[in-house]
Amino acid sequence: MTDFSTLHRRKQALIIGSGIGGLSLGIRLQSLGFDTIILEKLDGPGGRAYQKRTPDGYVFDMGPTVITVPHFIEELFALERDGGWPGQPDYPAEVLNGERVRVGESGGPRTREYVRLVPILPFYRIYFDDGTFFDYDGDPASTRRQIAELAPGDLAGYERFHADAEAIFRRGFLELGYTHFGDVGTMLRVVPDLLKLDAVRTLFSFTSRYFQSPKLRQVFSFETLLIGGNPLSVPAIYAMIHFVEKTWGIHYALGGTGALVRALVRKFEELGGRIEYGAEVEQILVTDEWGKPVRRPLGPRVARGVRLKGGEQRPADLVISNGDWANTYLKRVPRQARLVNNDLRVKAARQSMSLLVIYFGFREDGRPLDLRHHNIILGPRYETLLREIFGQKVLGADFSQYLHVPTLTDPSLAPPGHHAAYTLIPVPHNGSGLDWTVEGPRLVDRVLAFLDERGYIPGLRERLTYLDFITPDYFEGTLDSYLGNAFGPEPILAQSAYFRPHNRSEDVQNLYLVGAGVQPGAGTPSVMMSAKMTARLIAEDFGLQGAVRPVDSVRR
């Protein structure tokens, strides 16, 4: 192990927020020799991945539940204090060429010291409004068999889609996934390849080239909704999600995503990091290069620390925000210090949709649940509903939902004889002007009635033993997301690569960002990648390039 702490005095780093991105970055900074403190507004870790426990024994993950690419997690648990990660490829040969784990534990040897991961099959059961379903499991033989039953005329189209999605995956994820697009030149160099791969047209248009069946167009495009993207608007580069899941699978942390969060906290603290809860950051302190107040956004502007709610100031050598990108700038960086991320630019960015999430517990009644761990229940309208949510910003006459029933895999999350579940419904963000104190309870009643009456959970309303829900107001208030967005800026083409918010602030030296709102984007694997990208930028700025220089293991 190389000791990089001798290359510089211990620099003090402050991270705002203990989401998965903030925790992952904290671990990496500790491995680079920084002294890191994470300041968390809430009473526990996780941010969007906060875990809720009820007095009667239910456990609910309030946010992300889909885990992919176990290698990213293994990397974090393998890091050591002051060791960096020099000479390590981003995708070692055994990760690229190994068999996907389908049974048993799927975490690596270091991961197993902290948390247990298990594979989930199928990845998702996708229910259509007519009662038919598609088990999306990443197995080519199973996929072909189901396509042959559902729309045999699309079998040839699937083969072409499979080949083209793999090409996008190799270029877009394996080769470019860790590229920080901090300048126009970096982006322009990859544009010809993306055009050649047809990766810039919209995802739904891309899938429609291969499939005539409306059902299959939905099956191979819905996943971007789980990272805040409208399939009708996001670029086809996101077709790579199909191959990310096919290559490494979908996994679950026993005890819920909260167990993974607690494991990351433990690792961070073992490396000497510290987390403070109930520590809400009110402002990022910015001065000019001589330590004087900034009058206008010209000349050097430097982050010097933060001021907490209540007035306490915390000095630091660098500050990283794991909070919402828009509100980081609008609320916490003084207006006079912002030229690129000015109010007009930040407010003009298109934000992702929001969510209504219902957390509920119910009694078993002897009838087996004909559900899977992850269930996508699509409504009768797909394209029209998406336009209502993202464009018109209204609540439609119907809805689609993601129903998560983790107790089918992990009964420990509910009292004996009970199930814990949540169902997630995409809704417009608070730019809609909807009154969620009125619309929230109404939509909850409609969704529960649907699950009951359509037979997904028969007798649900009589079997309920616990019920709670969150709306866009939770995202805007508790999580401090601009307009109550659930995933940061919407991942449209005009907000991708160089045009997505940068991980190194263009306005303020020694200010960085990490998480769903910046590059590469939202989703658990992406925020872990974001942490590695931001750590590399910090290493570059603080003269530690040797501690993080990768070896290329991917050949074109």
# chains A, B, ... in the order shown; residues from 1 in each chain; ligands from 1
>>> residues_around(residues="Val103 (chain A)", least_positions_apart="4", cutoff="12 Å", atoms="only C-alpha atoms", output="ChimeraX atom specification")
/A:99,107,117-122,249-251
>>> residues_around(residues="Pro214 (chain A)", least_positions_apart="6", cutoff="12 Å", atoms="only C-alpha atoms", output="PyMOL selection string")
chain A and resi 128-129+150-151+154+204-205+207-208+220-222+378+380-383
>>> atom_distance(atom1="CA of Gln51 (chain A)", atom2="CA of Tyr466 (chain A)")
15.7 Å
>>> closest_atom_pairs(of="region 177-260 of chain A", to="region 414-431 of chain A", cutoff="12 Å", atoms="only C-alpha atoms", output="CSV")
residue,atom,partner,partner_atom,distance
A:Phe222,CA,A:Pro426,CA,11.7
A:Thr224,CA,A:Pro426,CA,11.7
A:Leu225,CA,A:Pro426,CA,7.9
A:Leu226,CA,A:Pro426,CA,9.1
A:Ile227,CA,A:Pro426,CA,10.9
A:Gly228,CA,A:Pro426,CA,8.8
A:Gly229,CA,A:Pro426,CA,10.5
A:Asn230,CA,A:Pro426,CA,10.3
A:Gly255,CA,A:Ala414,CA,10.6
A:Gly256,CA,A:Ala420,CA,11.2
>>> closest_residue(among="A:Thr179, A:Thr287, A:Thr202, A:Thr132", to="Val234 (chain A)", atoms="only C-alpha atoms")
A:Thr202
>>> select_by_dssp(residues="region 311-488 of chain A", states="strand (DSSP E)", output="PyMOL selection string")
chain A and resi 313-315+318-321+354-363+374-377+401-404+418-427+464-470
>>> closest_atom_pairs(of="region 189-293 of chain A", to="region 66-75 of chain A", cutoff="9 Å", atoms="only C-alpha atoms", output="JSON lines")
{"residue": "A:Val244", "atom": "CA", "partner": "A:Val69", "partner_atom": "CA", "distance": 7.5}
{"residue": "A:Glu245", "atom": "CA", "partner": "A:Thr68", "partner_atom": "CA", "distance": 6.6}
{"residue": "A:Thr247", "atom": "CA", "partner": "A:Val69", "partner_atom": "CA", "distance": 8.4}
{"residue": "A:Trp248", "atom": "CA", "partner": "A:Val69", "partner_atom": "CA", "distance": 5.4}
{"residue": "A:Gly249", "atom": "CA", "partner": "A:Thr68", "partner_atom": "CA", "distance": 6.1}
{"residue": "A:Ile250", "atom": "CA", "partner": "A:Thr68", "partner_atom": "CA", "distance": 5.1}
{"residue": "A:His251", "atom": "CA", "partner": "A:Ile67", "partner_atom": "CA", "distance": 5.0}
{"residue": "A:Tyr252", "atom": "CA", "partner": "A:Ile67", "partner_atom": "CA", "distance": 6.1}
{"residue": "A:Ala253", "atom": "CA", "partner": "A:Ile67", "partner_atom": "CA", "distance": 7.9}
{"residue": "A:Thr257", "atom": "CA", "partner": "A:Ile67", "partner_atom": "CA", "distance": 8.3}
>>> write_last_selection(atoms="all heavy atoms", output="CSV table (one decimal), in the first residue's frame")
chain,number,residue,atom,x,y,z
A,244,VAL,N,-26.2,-3.2,-18.8
A,244,VAL,CA,-25.6,-3.2,-17.5
A,244,VAL,C,-26.3,-4.2,-16.6
A,244,VAL,O,-25.6,-5.0,-15.9
A,244,VAL,CB,-25.8,-1.8,-16.9
A,244,VAL,CG1,-25.4,-1.7,-15.4
A,244,VAL,CG2,-25.0,-0.7,-17.6
A,245,GLU,N,-27.6,-4.3,-16.6
A,245,GLU,CA,-28.3,-5.3,-15.8
A,245,GLU,C,-28.1,-6.7,-16.3
A,245,GLU,O,-27.9,-7.6,-15.5
A,245,GLU,CB,-29.8,-4.9,-15.9
A,245,GLU,CG,-30.1,-3.6,-15.2
A,245,GLU,CD,-31.6,-3.2,-15.3
A,245,GLU,OE1,-32.3,-3.8,-16.1
A,245,GLU,OE2,-32.0,-2.4,-14.5
A,247,THR,N,-25.4,-7.8,-17.7
A,247,THR,CA,-24.1,-8.2,-17.4
A,247,THR,C,-23.8,-8.5,-16.0
A,247,THR,O,-23.2,-9.5,-15.6
A,247,THR,CB,-23.1,-7.1,-17.9
A,247,THR,OG1,-23.3,-6.8,-19.3
A,247,THR,CG2,-21.6,-7.5,-17.6
A,248,TRP,N,-24.4,-7.7,-15.1
A,248,TRP,CA,-24.1,-7.8,-13.7
A,248,TRP,C,-25.3,-8.1,-12.8
A,248,TRP,O,-25.2,-8.4,-11.6
A,248,TRP,CB,-23.4,-6.6,-13.2
A,248,TRP,CG,-22.0,-6.4,-13.7
A,248,TRP,CD1,-20.9,-7.3,-13.6
A,248,TRP,CD2,-21.5,-5.4,-14.6
A,248,TRP,NE1,-19.8,-6.9,-14.3
A,248,TRP,CE2,-20.2,-5.7,-14.9
A,248,TRP,CE3,-22.1,-4.2,-15.1
A,248,TRP,CZ2,-19.4,-4.9,-15.7
A,248,TRP,CZ3,-21.3,-3.4,-15.9
A,248,TRP,CH2,-20.0,-3.7,-16.2
A,249,GLY,N,-26.5,-8.1,-13.4
A,249,GLY,CA,-27.7,-8.4,-12.6
A,249,GLY,C,-28.2,-7.4,-11.7
A,249,GLY,O,-27.7,-6.2,-11.7
A,250,ILE,N,-29.3,-7.7,-11.1
A,250,ILE,CA,-30.0,-6.8,-10.1
A,250,ILE,C,-29.9,-7.5,-8.7
A,250,ILE,O,-30.1,-8.8,-8.6
A,250,ILE,CB,-31.5,-6.7,-10.4
A,250,ILE,CG1,-31.7,-5.9,-11.7
A,250,ILE,CG2,-32.2,-6.0,-9.3
A,250,ILE,CD1,-31.2,-4.5,-11.7
A,251,HIS,N,-29.6,-6.8,-7.7
A,251,HIS,CA,-29.2,-7.3,-6.4
A,251,HIS,C,-30.0,-6.6,-5.3
A,251,HIS,O,-30.5,-5.5,-5.5
A,251,HIS,CB,-27.7,-7.3,-6.2
A,251,HIS,CG,-27.0,-7.9,-7.3
A,251,HIS,ND1,-26.6,-9.3,-7.3
A,251,HIS,CD2,-26.5,-7.4,-8.5
A,251,HIS,CE1,-26.0,-9.5,-8.4
A,251,HIS,NE2,-25.9,-8.4,-9.2
A,252,TYR,N,-30.0,-7.3,-4.1
A,252,TYR,CA,-30.7,-6.7,-3.0
A,252,TYR,C,-29.8,-6.9,-1.8
A,252,TYR,O,-29.1,-7.9,-1.6
A,252,TYR,CB,-32.0,-7.5,-2.7
A,252,TYR,CG,-32.7,-7.2,-1.4
A,252,TYR,CD1,-33.4,-6.0,-1.2
A,252,TYR,CD2,-32.6,-8.1,-0.4
A,252,TYR,CE1,-34.0,-5.8,0.0
A,252,TYR,CE2,-33.2,-7.9,0.8
A,252,TYR,CZ,-33.9,-6.7,1.0
A,252,TYR,OH,-34.5,-6.4,2.2
A,253,ALA,N,-29.7,-5.8,-0.9
A,253,ALA,CA,-28.9,-5.9,0.3
A,253,ALA,C,-29.9,-6.4,1.4
A,253,ALA,O,-30.9,-5.8,1.7
A,253,ALA,CB,-28.4,-4.5,0.7
A,257,THR,N,-31.8,-1.5,1.4
A,257,THR,CA,-30.8,-0.6,1.0
A,257,THR,C,-30.2,0.2,2.2
A,257,THR,O,-29.0,0.5,2.3
A,257,THR,CB,-31.3,0.5,0.0
A,257,THR,OG1,-31.9,-0.2,-1.1
A,257,THR,CG2,-30.2,1.4,-0.5
>>> closest_residue(among="A:Leu285, A:Val333, A:Val265, A:Leu188", to="Gly21 (chain A)", atoms="only C-alpha atoms")
A:Val265
>>> residues_around(residues="Phe169 (chain A)", least_positions_apart="2", cutoff="10 Å", atoms="only C-alpha atoms", output="PyMOL selection string")
chain A and resi 163-167+171-177+237-244
>>> closest_residue(among="A:Ile168, A:Phe487, A:Gly543, A:Trp290", to="Phe475 (chain A)", atoms="only C-alpha atoms")
A:Phe487
>>> select_by_dssp(residues="region 251-464 of chain A", states="helix (DSSP H, G or I)", output="VMD selection string")
chain A and resid 257 to 270 325 to 332 335 to 337 343 to 348 383 to 392 406 to 408 411 to 413 430 to 432 436 to 453 460 to 463
>>> closest_residue(among="A:Phe60, A:Tyr210, A:Phe469, A:Tyr158", to="Asp445 (chain A)", atoms="only C-alpha atoms")
A:Phe469
>>> residues_around(residues="Glu506 (chain A)", least_positions_apart="6", cutoff="9 Å", atoms="only C-alpha atoms", output="ChimeraX atom specification")
/A:182,338-341
>>> write_last_selection(atoms="N, CA, C and O atoms", output="PDB file, in the first residue's frame")
ATOM      1  N   GLY A 182     -15.765  18.019 -18.620  1.00  0.00           N
ATOM      2  CA  GLY A 182     -15.569  19.350 -18.041  1.00  0.00           C
ATOM      3  C   GLY A 182     -15.298  20.425 -19.057  1.00  0.00           C
ATOM      4  O   GLY A 182     -15.245  21.606 -18.708  1.00  0.00           O
ATOM      5  N   ARG A 338     -21.391  33.618  -8.357  1.00  0.00           N
ATOM      6  CA  ARG A 338     -21.800  32.685  -9.410  1.00  0.00           C
ATOM      7  C   ARG A 338     -21.944  33.385 -10.748  1.00  0.00           C
ATOM      8  O   ARG A 338     -22.777  34.270 -10.898  1.00  0.00           O
ATOM      9  N   LEU A 339     -21.115  32.975 -11.695  1.00  0.00           N
ATOM     10  CA  LEU A 339     -21.226  33.485 -13.057  1.00  0.00           C
ATOM     11  C   LEU A 339     -21.850  32.429 -13.968  1.00  0.00           C
ATOM     12  O   LEU A 339     -22.845  32.691 -14.638  1.00  0.00           O
ATOM     13  N   VAL A 340     -21.297  31.232 -13.970  1.00  0.00           N
ATOM     14  CA  VAL A 340     -21.819  30.152 -14.824  1.00  0.00           C
ATOM     15  C   VAL A 340     -23.133  29.619 -14.268  1.00  0.00           C
ATOM     16  O   VAL A 340     -24.137  29.517 -14.985  1.00  0.00           O
ATOM     17  N   ASN A 341     -23.139  29.289 -12.988  1.00  0.00           N
ATOM     18  CA  ASN A 341     -24.343  28.738 -12.363  1.00  0.00           C
ATOM     19  C   ASN A 341     -25.169  29.850 -11.727  1.00  0.00           C
ATOM     20  O   ASN A 341     -25.494  29.822 -10.541  1.00  0.00           O
TER      21      ASN A 341
END
>>> closest_atom_pairs(of="region 25-95 of chain A", to="region 527-537 of chain A", cutoff="8 Å", atoms="only C-alpha atoms", output="JSON lines")
{"residue": "A:Leu25", "atom": "CA", "partner": "A:Ala531", "partner_atom": "CA", "distance": 4.7}
{"residue": "A:Arg28", "atom": "CA", "partner": "A:Ala535", "partner_atom": "CA", "distance": 6.6}
{"residue": "A:Leu29", "atom": "CA", "partner": "A:Ala535", "partner_atom": "CA", "distance": 6.6}
{"residue": "A:Phe72", "atom": "CA", "partner": "A:Met528", "partner_atom": "CA", "distance": 6.9}
>>> write_last_selection(atoms="N, CA and C atoms", output="CSV table (one decimal), in the first residue's frame")
chain,number,residue,atom,x,y,z
A,25,LEU,N,-18.0,9.1,-1.7
A,25,LEU,CA,-16.9,10.0,-1.8
A,25,LEU,C,-16.1,10.2,-0.5
A,28,ARG,N,-13.6,7.5,-0.3
A,28,ARG,CA,-12.5,7.7,-1.3
A,28,ARG,C,-11.6,8.8,-0.8
A,29,LEU,N,-12.1,9.9,-0.2
A,29,LEU,CA,-11.3,10.9,0.3
A,29,LEU,C,-10.4,10.5,1.4
A,72,PHE,N,-18.8,-2.1,-8.0
A,72,PHE,CA,-18.6,-0.7,-7.5
A,72,PHE,C,-18.6,-0.7,-6.0
>>> residues_around(residues="Pro297 (chain A)", least_positions_apart="6", cutoff="10 Å", atoms="only C-alpha atoms", output="list in words")
Asp288, Pro334, Arg335, Gln336, Ala337, Arg338, Leu339, Val340, Asn342, Asp507 and Val508 of chain A
